[in-house]
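Engineer: Below you'll find data_12.cif; it's mmCIF, C-alpha atoms and all ligand atoms.
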```cif
data_query
#
loop_
_atom_site.label_atom_id
_atom_site.label_comp_id
_atom_site.auth_asym_id
_atom_site.auth_seq_id
_atom_site.Cartn_x
_atom_site.Cartn_y
_atom_site.Cartn_z
CA THR W 30 132.18 -55.52 83.31
CA LYS W 31 131.33 -57.33 80.11
CA SER W 32 133.97 -59.76 78.87
CA TRP W 33 135.56 -59.09 75.45
CA ILE W 34 138.62 -59.94 73.38
CA LEU W 35 140.43 -57.84 70.80
CA MET W 36 143.02 -59.29 68.39
CA ALA W 37 145.53 -58.29 65.72
CA THR W 38 147.63 -60.46 63.40
CA GLY W 39 150.82 -59.57 61.56
CA ARG W 40 153.42 -61.26 59.45
CA SER W 41 157.05 -60.37 59.21
CA PRO W 42 159.87 -61.86 57.13
CA THR W 43 163.44 -62.56 58.09
CA ASN W 44 166.39 -60.69 56.58
CA ILE W 45 169.85 -61.67 55.37
CA ALA W 46 172.74 -59.36 56.27
CA VAL W 47 175.17 -58.49 53.49
CA ILE W 48 177.20 -56.24 55.83
CA LYS W 49 177.13 -58.07 59.13
CA TYR W 50 176.21 -56.93 62.61
CA TRP W 51 178.51 -58.77 65.00
CA GLY W 52 179.34 -57.28 68.42
CA LYS W 53 177.41 -55.12 70.88
CA ARG W 54 178.69 -51.98 72.56
CA ASP W 55 175.75 -52.14 75.00
CA GLU W 56 174.33 -55.57 75.73
CA ALA W 57 171.20 -54.47 77.61
CA LEU W 58 170.00 -52.00 74.96
CA ILE W 59 171.46 -54.06 72.08
CA LEU W 60 173.56 -51.31 70.53
CA PRO W 61 175.97 -52.55 67.85
CA VAL W 62 179.64 -51.71 67.25
CA ASN W 63 178.98 -51.00 63.55
CA ASP W 64 176.27 -50.25 60.98
CA SER W 65 174.87 -53.20 59.01
CA ILE W 66 172.94 -53.69 55.75
CA SER W 67 170.50 -56.47 54.87
CA VAL W 68 168.03 -57.69 52.28
CA THR W 69 164.55 -58.59 53.46
CA LEU W 70 163.07 -61.84 52.21
CA ASP W 71 159.60 -62.46 50.89
CA PRO W 72 157.23 -63.12 53.81
CA ASP W 73 155.54 -65.94 51.90
CA HIS W 74 158.59 -68.10 52.49
CA LEU W 75 160.51 -67.21 55.63
CA SER W 76 158.43 -65.34 58.12
CA ALA W 77 156.84 -65.23 61.53
CA THR W 78 153.07 -64.85 61.87
CA THR W 79 151.90 -63.50 65.19
CA THR W 80 148.49 -62.95 66.69
CA VAL W 81 148.19 -60.81 69.80
CA ALA W 82 145.04 -60.66 71.89
CA VAL W 83 143.95 -58.54 74.81
CA SER W 84 141.08 -59.20 77.20
CA PRO W 85 140.20 -58.05 80.73
CA THR W 86 139.97 -61.75 81.63
CA PHE W 87 143.72 -62.34 81.04
CA ASP W 88 145.59 -62.19 84.34
CA CYS W 89 149.15 -62.22 82.99
CA ASP W 90 151.09 -61.83 79.72
CA ARG W 91 151.63 -65.21 78.01
CA MET W 92 153.19 -66.40 74.77
CA TRP W 93 153.16 -69.54 72.63
CA LEU W 94 155.83 -70.17 69.97
CA ASN W 95 154.90 -72.80 67.38
CA GLY W 96 152.18 -74.02 69.73
CA LYS W 97 154.39 -74.42 72.82
CA GLU W 98 154.18 -71.98 75.71
CA ILE W 99 157.44 -70.07 76.29
CA SER W 100 158.49 -67.82 79.16
CA LEU W 101 158.18 -64.06 78.74
CA SER W 102 160.28 -63.35 81.81
CA GLY W 103 163.49 -62.55 79.87
CA ASP W 104 164.63 -58.93 79.57
CA ARG W 105 164.23 -58.90 75.80
CA PHE W 106 160.49 -59.63 75.88
CA GLN W 107 159.96 -57.42 78.91
CA ASN W 108 161.77 -54.47 77.27
CA CYS W 109 159.69 -54.76 74.10
CA LEU W 110 156.41 -55.07 75.99
CA ARG W 111 157.22 -52.14 78.31
CA GLU W 112 158.32 -49.83 75.46
CA ILE W 113 155.24 -50.60 73.36
CA ARG W 114 152.88 -50.14 76.33
CA LYS W 115 154.40 -46.70 76.95
CA LEU W 116 153.39 -45.62 73.45
CA ALA W 117 149.92 -47.22 73.43
CA GLY W 118 146.98 -45.07 72.36
CA ASP W 119 143.22 -45.06 72.86
CA VAL W 120 141.32 -47.89 71.15
CA GLU W 121 137.60 -47.96 70.40
CA ASP W 122 135.56 -50.71 68.81
CA GLU W 123 131.95 -49.49 68.75
CA LYS W 124 130.51 -52.74 67.41
CA LYS W 125 131.97 -54.71 70.28
CA GLY W 126 131.35 -51.91 72.76
CA ILE W 127 135.05 -51.76 73.69
CA ARG W 128 136.75 -48.59 74.85
CA ILE W 129 140.39 -48.76 76.03
CA ARG W 130 142.09 -45.57 77.17
CA LYS W 131 145.83 -45.35 76.79
CA GLU W 132 146.49 -45.56 80.52
CA ASP W 133 144.41 -48.81 80.68
CA TRP W 134 147.12 -50.69 78.74
CA GLN W 135 149.36 -50.66 81.83
CA ASN W 136 146.90 -53.01 83.56
CA LEU W 137 145.70 -55.09 80.61
CA HIS W 138 147.51 -58.33 79.76
CA VAL W 139 148.20 -59.82 76.35
CA HIS W 140 148.32 -63.34 74.95
CA ILE W 141 150.67 -63.86 72.02
CA ALA W 142 150.74 -66.78 69.57
CA SER W 143 153.56 -66.87 67.04
CA TYR W 144 154.47 -69.35 64.27
CA ASN W 145 157.62 -69.56 62.18
CA ASN W 146 157.49 -71.22 58.80
CA PHE W 147 161.19 -72.16 59.05
CA PRO W 148 163.54 -73.74 61.62
CA THR W 149 163.86 -71.71 64.81
CA ALA W 150 167.39 -70.78 65.91
CA ALA W 151 169.03 -72.60 63.01
CA GLY W 152 170.80 -69.39 62.05
CA LEU W 153 168.05 -68.14 59.79
CA ALA W 154 167.43 -65.15 61.98
CA SER W 155 164.15 -66.52 63.27
CA SER W 156 164.44 -64.06 66.15
CA ALA W 157 164.65 -61.23 63.61
CA ALA W 158 161.30 -62.12 62.08
CA GLY W 159 159.82 -62.96 65.49
CA PHE W 160 160.62 -59.75 67.33
CA ALA W 161 159.88 -57.52 64.32
CA CYS W 162 156.48 -59.19 64.07
CA LEU W 163 155.79 -59.06 67.81
CA VAL W 164 156.53 -55.34 68.05
CA PHE W 165 154.65 -54.47 64.85
CA THR W 166 151.56 -56.46 65.81
CA LEU W 167 151.45 -55.16 69.38
CA ALA W 168 151.76 -51.64 67.96
CA LYS W 169 148.70 -52.30 65.78
CA LEU W 170 146.69 -53.76 68.62
CA MET W 171 147.57 -50.89 70.96
CA ASN W 172 147.10 -48.19 68.32
CA VAL W 173 150.67 -46.94 68.61
CA ASN W 174 151.05 -43.91 66.41
CA GLU W 175 154.79 -44.04 65.61
CA ASP W 176 156.82 -44.50 62.44
CA HIS W 177 158.75 -47.67 61.53
CA GLY W 178 162.01 -46.08 62.74
CA LYS W 179 160.71 -45.86 66.29
CA LEU W 180 159.27 -49.38 66.10
CA SER W 181 162.61 -50.64 64.76
CA SER W 182 164.38 -49.27 67.86
CA ILE W 183 161.98 -51.28 70.03
CA ALA W 184 162.35 -54.48 67.95
CA ARG W 185 166.12 -53.99 68.24
CA GLN W 186 165.82 -54.51 72.00
CA GLY W 187 164.35 -57.96 71.32
CA SER W 188 167.00 -59.04 68.84
CA GLY W 189 169.43 -56.70 67.08
CA SER W 190 168.80 -57.93 63.56
CA ALA W 191 165.01 -57.68 64.12
CA CYS W 192 165.11 -53.90 63.62
CA ARG W 193 165.95 -54.45 59.93
CA SER W 194 162.87 -56.67 59.35
CA LEU W 195 160.50 -53.73 59.83
CA TYR W 196 161.08 -52.86 56.16
CA GLY W 197 161.14 -54.74 52.87
CA GLY W 198 163.87 -54.39 50.27
CA PHE W 199 167.32 -53.10 51.22
CA VAL W 200 167.72 -51.91 54.78
CA LYS W 201 170.43 -50.25 56.86
CA TRP W 202 170.68 -50.36 60.65
CA THR W 203 172.57 -47.26 61.72
CA MET W 204 174.49 -47.90 64.93
CA GLY W 205 173.76 -44.40 66.30
CA ASN W 206 175.74 -42.40 68.87
CA ASP W 207 173.23 -41.86 71.63
CA ALA W 208 173.71 -43.82 74.87
CA SER W 209 169.92 -44.30 75.13
CA GLY W 210 169.80 -46.02 71.73
CA SER W 211 167.20 -43.59 70.35
CA ASP W 212 169.19 -43.15 67.10
CA SER W 213 170.10 -46.83 66.70
CA ILE W 214 167.33 -47.52 64.19
CA ALA W 215 166.74 -49.13 60.81
CA VAL W 216 166.04 -47.18 57.61
CA GLN W 217 165.01 -48.43 54.19
CA LEU W 218 167.69 -47.79 51.57
CA ALA W 219 165.55 -48.94 48.64
CA PRO W 220 162.36 -50.95 48.15
CA GLU W 221 162.50 -54.45 46.67
CA SER W 222 161.18 -53.07 43.34
CA HIS W 223 164.42 -51.08 42.97
CA TRP W 224 166.33 -54.29 42.17
CA SER W 225 163.64 -56.90 41.74
CA ASP W 226 165.80 -59.25 39.64
CA LEU W 227 167.93 -60.03 42.65
CA VAL W 228 167.16 -63.47 43.99
CA ILE W 229 168.16 -65.08 47.26
CA ILE W 230 168.48 -68.83 47.55
CA ILE W 231 168.56 -70.22 51.04
CA ALA W 232 170.27 -73.55 51.43
CA VAL W 233 168.83 -75.00 54.61
CA VAL W 234 171.72 -77.29 55.36
CA SER W 235 170.47 -78.25 58.78
CA SER W 236 167.41 -77.50 60.81
CA LYS W 237 169.26 -78.27 64.04
CA GLN W 238 169.56 -75.51 66.59
CA LYS W 239 172.88 -73.74 66.24
CA GLU W 240 175.38 -74.59 68.97
CA THR W 241 176.61 -71.12 69.85
CA SER W 242 173.97 -68.44 70.34
CA SER W 243 174.73 -65.12 68.66
CA THR W 244 174.68 -63.42 72.09
CA THR W 245 177.39 -65.69 73.50
CA GLY W 246 179.39 -65.55 70.29
CA MET W 247 179.26 -61.75 70.10
CA ARG W 248 180.24 -61.38 73.76
CA ASP W 249 183.23 -63.65 73.25
CA THR W 250 184.24 -61.71 70.12
CA VAL W 251 183.92 -58.31 71.82
CA GLU W 252 185.91 -59.52 74.82
CA THR W 253 188.67 -61.40 73.05
CA SER W 254 189.07 -60.32 69.41
CA PRO W 255 191.49 -57.45 68.74
CA LEU W 256 190.50 -57.68 65.07
CA LEU W 257 186.91 -56.66 65.84
CA GLN W 258 187.93 -53.08 66.70
CA HIS W 259 189.74 -52.75 63.43
CA ARG W 260 186.72 -54.13 61.56
CA ALA W 261 184.24 -51.82 63.29
CA GLN W 262 186.31 -48.64 63.08
CA CYS W 263 188.37 -48.96 59.92
CA VAL W 264 186.57 -51.39 57.60
CA VAL W 265 182.80 -51.32 57.95
CA PRO W 266 182.21 -47.52 57.68
CA ALA W 267 183.74 -47.37 54.18
CA ARG W 268 182.21 -50.68 53.16
CA VAL W 269 178.71 -49.53 54.12
CA LEU W 270 179.06 -46.50 51.82
CA LEU W 271 180.28 -48.70 48.94
CA MET W 272 177.46 -51.17 49.52
CA GLU W 273 174.89 -48.35 49.45
CA GLU W 274 176.40 -47.18 46.17
CA ALA W 275 176.36 -50.70 44.69
CA ILE W 276 172.67 -51.05 45.59
CA ARG W 277 171.86 -47.61 44.19
CA ASN W 278 173.60 -48.46 40.87
CA HIS W 279 172.51 -52.12 40.60
CA ASP W 280 176.21 -52.95 40.53
CA PHE W 281 176.07 -56.68 41.18
CA ALA W 282 179.80 -57.37 40.81
CA SER W 283 180.57 -54.90 43.57
CA PHE W 284 177.57 -55.98 45.69
CA ALA W 285 178.66 -59.64 45.45
CA ARG W 286 182.29 -58.94 46.23
CA MET W 287 181.44 -56.95 49.33
CA THR W 288 178.86 -59.47 50.51
CA CYS W 289 181.42 -62.28 50.33
CA VAL W 290 184.33 -60.38 51.86
CA ASP W 291 182.17 -59.07 54.67
CA ASN W 292 180.97 -62.58 55.40
CA ASN W 293 184.60 -63.68 55.43
CA GLN W 294 185.59 -60.92 57.83
CA PHE W 295 182.69 -61.80 60.11
CA ARG W 296 184.06 -65.35 60.13
CA ALA W 297 187.56 -63.94 60.70
CA VAL W 298 186.53 -62.05 63.86
CA CYS W 299 184.86 -65.26 65.07
CA LEU W 300 188.11 -67.12 64.44
CA ASP W 301 189.99 -64.42 66.35
CA THR W 302 188.42 -65.48 69.67
CA THR W 303 188.73 -67.91 72.54
CA TRP W 304 185.57 -69.93 71.77
CA THR W 305 183.54 -68.62 68.89
CA TRP W 306 185.98 -69.92 66.25
CA GLN W 307 183.87 -73.10 66.35
CA LEU W 308 181.27 -71.30 64.27
CA ILE W 309 183.44 -71.23 61.19
CA PHE W 310 184.73 -74.78 61.03
CA LEU W 311 181.93 -76.26 59.06
CA ASN W 312 182.60 -78.31 55.97
CA THR W 313 179.40 -77.35 54.26
CA THR W 314 180.15 -73.68 54.66
CA ARG W 315 183.45 -74.14 52.97
CA GLN W 316 182.03 -76.23 50.14
CA ILE W 317 179.32 -73.71 49.39
CA ALA W 318 181.81 -70.84 49.37
CA GLU W 319 184.07 -72.83 47.06
CA ALA W 320 181.18 -73.69 44.75
CA CYS W 321 180.32 -69.98 44.45
CA PHE W 322 183.91 -69.23 43.66
CA LEU W 323 183.86 -71.86 40.93
CA MET W 324 180.54 -70.63 39.53
CA LYS W 325 181.98 -67.15 39.30
CA TRP W 326 184.74 -68.36 37.00
CA ILE W 327 182.65 -70.79 35.00
CA ILE W 328 179.41 -69.00 34.27
CA PHE W 329 178.36 -66.09 36.43
CA GLU W 330 178.88 -64.22 39.61
CA VAL W 331 176.99 -65.29 42.68
CA ALA W 332 177.36 -64.00 46.22
CA TYR W 333 177.37 -66.18 49.33
CA THR W 334 176.84 -65.29 52.93
CA PHE W 335 176.24 -67.23 56.14
CA ASP W 336 174.63 -66.22 59.36
CA ALA W 337 175.57 -67.65 62.74
CA GLY W 338 174.29 -71.10 61.79
CA LEU W 339 174.90 -73.65 59.08
CA ASN W 340 172.61 -72.30 56.44
CA ALA W 341 173.82 -70.47 53.39
CA ALA W 342 172.28 -67.63 51.44
CA LEU W 343 173.27 -67.39 47.79
CA ILE W 344 172.41 -64.13 46.07
CA SER W 345 172.30 -63.88 42.33
CA PRO W 346 171.53 -61.07 39.91
CA ASN W 347 168.64 -62.53 37.99
CA ARG W 348 166.01 -65.22 38.22
CA LYS W 349 167.41 -67.42 35.45
CA VAL W 350 170.83 -67.46 37.04
CA ALA W 351 169.25 -68.20 40.40
CA GLY W 352 167.59 -71.27 38.93
CA LEU W 353 170.97 -72.51 37.75
CA ALA W 354 172.63 -71.67 41.04
CA SER W 355 170.01 -73.53 43.05
CA LYS W 356 170.52 -76.59 40.80
CA ALA W 357 174.27 -76.37 41.38
CA ALA W 358 173.64 -75.94 45.09
CA ILE W 359 171.76 -79.25 45.14
CA CYS W 360 175.19 -80.89 44.86
CA PHE W 361 176.02 -79.80 48.37
CA PRO W 362 176.60 -82.54 50.89
CA PRO W 363 173.74 -84.96 50.82
CA SER W 364 172.22 -85.23 54.25
CA PRO W 365 168.72 -86.37 55.19
CA GLU W 366 168.09 -82.87 56.46
CA ASN W 367 169.10 -81.00 53.34
CA ASP W 368 166.24 -79.01 52.07
CA LEU W 369 167.05 -76.55 49.43
CA ALA W 370 164.66 -73.89 48.45
CA SER W 371 164.82 -70.62 46.66
CA TYR W 372 163.29 -67.55 48.14
CA VAL W 373 162.94 -64.21 46.48
CA THR W 374 163.38 -60.84 48.13
CA GLY W 375 160.21 -59.22 49.28
CA ASP W 376 158.65 -55.82 49.35
CA LYS W 377 155.64 -56.67 51.43
CA SER W 378 157.65 -56.20 54.56
CA ILE W 379 154.71 -56.78 56.80
CA ILE W 380 151.18 -57.77 56.09
CA TYR W 381 148.61 -56.68 58.55
CA GLU W 382 145.32 -58.47 58.66
O1 LIG J 1 170.17 -60.37 65.96
P1 LIG J 1 170.96 -61.57 66.35
O2 LIG J 1 171.36 -61.56 67.77
O3 LIG J 1 170.27 -62.84 65.95
O4 LIG J 1 172.36 -61.53 65.53
C1 LIG J 1 172.44 -61.69 64.14
C2 LIG J 1 173.85 -61.83 63.72
C3 LIG J 1 174.09 -62.19 62.27
O5 LIG J 1 172.96 -62.81 61.72
C4 LIG J 1 175.27 -63.15 62.17
C5 LIG J 1 174.46 -60.97 61.44
C6 LIG J 1 173.34 -60.02 61.07
O6 LIG J 1 173.66 -58.84 60.85
O7 LIG J 1 172.18 -60.44 60.96
#
```
Go ahead and express the file in the form of structure tokens.
Ligand code: PMV

Structural biologist:
Amino acid sequence: TKSWILMATGRSPTNIAVIKYWGKRDEALILPVNDSISVTLDPDHLSATTTVAVSPTFDCDRMWLNGKEISLSGDRFQNCLREIRKLAGDVEDEKKGIRIRKEDWQNLHVHIASYNNFPTAAGLASSAAGFACLVFTLAKLMNVNEDHGKLSSIARQGSGSACRSLYGGFVKWTMGNDASGSDSIAVQLAPESHWSDLVIIIAVVSSKQKETSSTTGMRDTVETSPLLQHRAQCVVPARVLLMEEAIRNHDFASFARMTCVDNNQFRAVCLDTTWTWQLIFLNTTRQIAEACFLMKWIIFEVAYTFDAGLNAALISPNRKVAGLASKAAICFPPSPENDLASYVTGDKSIIYE
């Protein structure tokens, strides 16, 4: 047979949770203990770009992350690859004389090259952008004819928060009830254009890898925090409805309050554990939260939220205010690694080339 190669490239941004996902009810399928809501960033700033290639000359699946080969043997990669292959369709490229029937995908191998334009595993949800992009791009290459909801349930099996990066704007991940995870998918609540004045400033406090992985931290929280049950059953359901309403009505005061208190409760369930409490004892985190509190009283309201790493996301209601906030944020602890940048929310969830 004649040798050929077929490629697809995609780009996918990261997202910042304003109602946090923390805790799995099923670790293998990555099913959460509560719904979560996030804002997707602009892919020009914080995104993963992934090229996938298929050729009959490839004898195994391989992947390179930022130019370095990484192992695909983990369950998360294997689950995503298997699920996408199951849905693969026929592909024809007349110019190149290529004809792939859907059953051929089971025996064809892929090479994957992915780049992040931000620090990997520093708590900026690099896995969210990475798995969303991997699943989306493989789906393009393999001519998968499914909606974003279905693709989000596959990306979820790579990294929970990845399911929310399949859309731009404001996104909800519904936990679902089904044991198979088929209804644990992401849906778009509103496009970025719905509230385009909203700006997110990311304070990259450190590009170091975070010390506790979210998987380990969540496991510890599920196993040892009695507060988590209360959060998941009694707090988050009502808060998700209020957050949806705040987004619908452009009610920034309410949006900011809920973003901050939900971040604080996420930190509280981490504190309520045997080991994961380490996540919250970070001076910078405290100083940024305090600065936001001060800003609220002095000039304007600004929301803060942290993921499982050191980096902060400040959310403010308009671009002028964001400029001021990012200047104020410059005062945060001077460290050679500090690199403060402002990133706006994005609508171009994924660009396909
Ligand atoms: O998807 P993971 O395993 O990287 O977990 C993400 C957890 C948080 O970022 C802290 C919260 C969230 O909802 O994104």

Engineer: Using Å and a single decimal, report how far atom CA of W:Ser32 sits from atom CA of W:Ile113.

Structural biologist: 23.8 Å

Engineer: For stretch 54-60 of chain W, list every protein, DNA or RNA residue within 9 Å, evaluated using only C-alpha atoms, and leave out those in the same chain fewer than 5 positions away; present the list as a list in words.

Structural biologist: Asp104, Arg105, Asn108, Arg185, Gln186, Gly187, Ser188, Gly189, Met204, Gly205, Ala208, Ser209, Gly210, Ser213, Thr244, Arg248 and Val251 of chain W

Engineer: Counting all atoms listed in the file, select every polymer residue within 8 Å of (167.1, -47.8, 52.8) as defined in the file's coordinates, and provide the selection as a compact mmCIF listing (two decimals) with C-alpha atoms, in the coordinates of the input.

Structural biologist:
```txt
# COMPACT_ATOMS: atom_id res chain seq x y z
CA GLY W 198 163.87 -54.39 50.27
CA PHE W 199 167.32 -53.10 51.22
CA VAL W 200 167.72 -51.91 54.78
CA LYS W 201 170.43 -50.25 56.86
CA VAL W 216 166.04 -47.18 57.61
CA GLN W 217 165.01 -48.43 54.19
CA LEU W 218 167.69 -47.79 51.57
CA ALA W 219 165.55 -48.94 48.64
CA PRO W 220 162.36 -50.95 48.15
```

Engineer: Can you work out which residues are within 7 Å of ligand LIG 1 (chain J), considering all atoms listed in the file, and then hand them over as a PyMOL selection string?

Structural biologist: chain W and resi 45-46+48-51+65+152+154+156-157+188-191+243-244+336-337

Engineer: With only C-alpha atoms as the atoms that count, which of W:Ala282, W:Met272, W:Met247, W:Leu116 lies nearest to W:Thr302?

Structural biologist: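 Of W:Ala282, W:Met272, W:Met247, W:Leu116, the one nearest W:Thr302, counting only C-alpha atoms, is W:Met247.
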
Engineer: Can you list, as number ranges by chain, every protein, DNA or RNA residue that comes within 8 Å of W:Val265 when you count all atoms listed in the file, leaving out same-chain residues fewer than 4 positions away?

Structural biologist: W: 48, 63-64, 260-261, 269

Engineer: Tell me which protein, DNA and RNA residues are within 12 Å of W:Lys124, counting only C-alpha atoms, leaving out same-chain ones fewer than 3 positions away, and put them as an mmCIF file with C-alpha atoms, in the coordinates of the input.

Structural biologist:
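So part_37.cif came out as:
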```cif
data_model
loop_
_atom_site.group_PDB
_atom_site.id
_atom_site.type_symbol
_atom_site.label_atom_id
_atom_site.label_comp_id
_atom_site.auth_asym_id
_atom_site.auth_seq_id
_atom_site.Cartn_x
_atom_site.Cartn_y
_atom_site.Cartn_z
ATOM 1 C CA TRP W 33 135.560 -59.090 75.450
ATOM 2 C CA LEU W 35 140.430 -57.840 70.800
ATOM 3 C CA GLU W 121 137.600 -47.960 70.400
ATOM 4 C CA ILE W 127 135.050 -51.760 73.690
ATOM 5 C CA ARG W 128 136.750 -48.590 74.850
#
```

Engineer: Tell me, in Å to one decimal, how far atom CA of W:Asp119 is from atom CA of W:Lys131.

Structural biologist: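 One can read the atom CA of W:Asp119 to atom CA of W:Lys131 distance as 4.7 Å.
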
Engineer: Got a moment to write stretch 169-183 of chain W out with C-alpha atoms, as a compact mmCIF listing (two decimals), in the first residue's frame?

Structural biologist:
```
# COMPACT_ATOMS: atom_id res chain seq x y z
CA LYS W 169 -12.05 16.07 13.69
CA LEU W 170 -9.39 13.74 12.34
CA MET W 171 -11.61 10.68 12.72
CA ASN W 172 -14.74 12.40 11.40
CA VAL W 173 -16.72 11.81 14.59
CA ASN W 174 -20.23 13.04 14.05
CA GLU W 175 -21.28 13.89 17.62
CA ASP W 176 -22.25 17.09 19.42
CA HIS W 177 -20.05 18.92 21.95
CA GLY W 178 -22.01 17.35 24.84
CA LYS W 179 -20.89 13.87 23.85
CA LEU W 180 -17.32 15.06 23.26
CA SER W 181 -17.37 16.76 26.68
CA SER W 182 -18.21 13.43 28.34
CA ILE W 183 -15.13 11.90 26.68
```
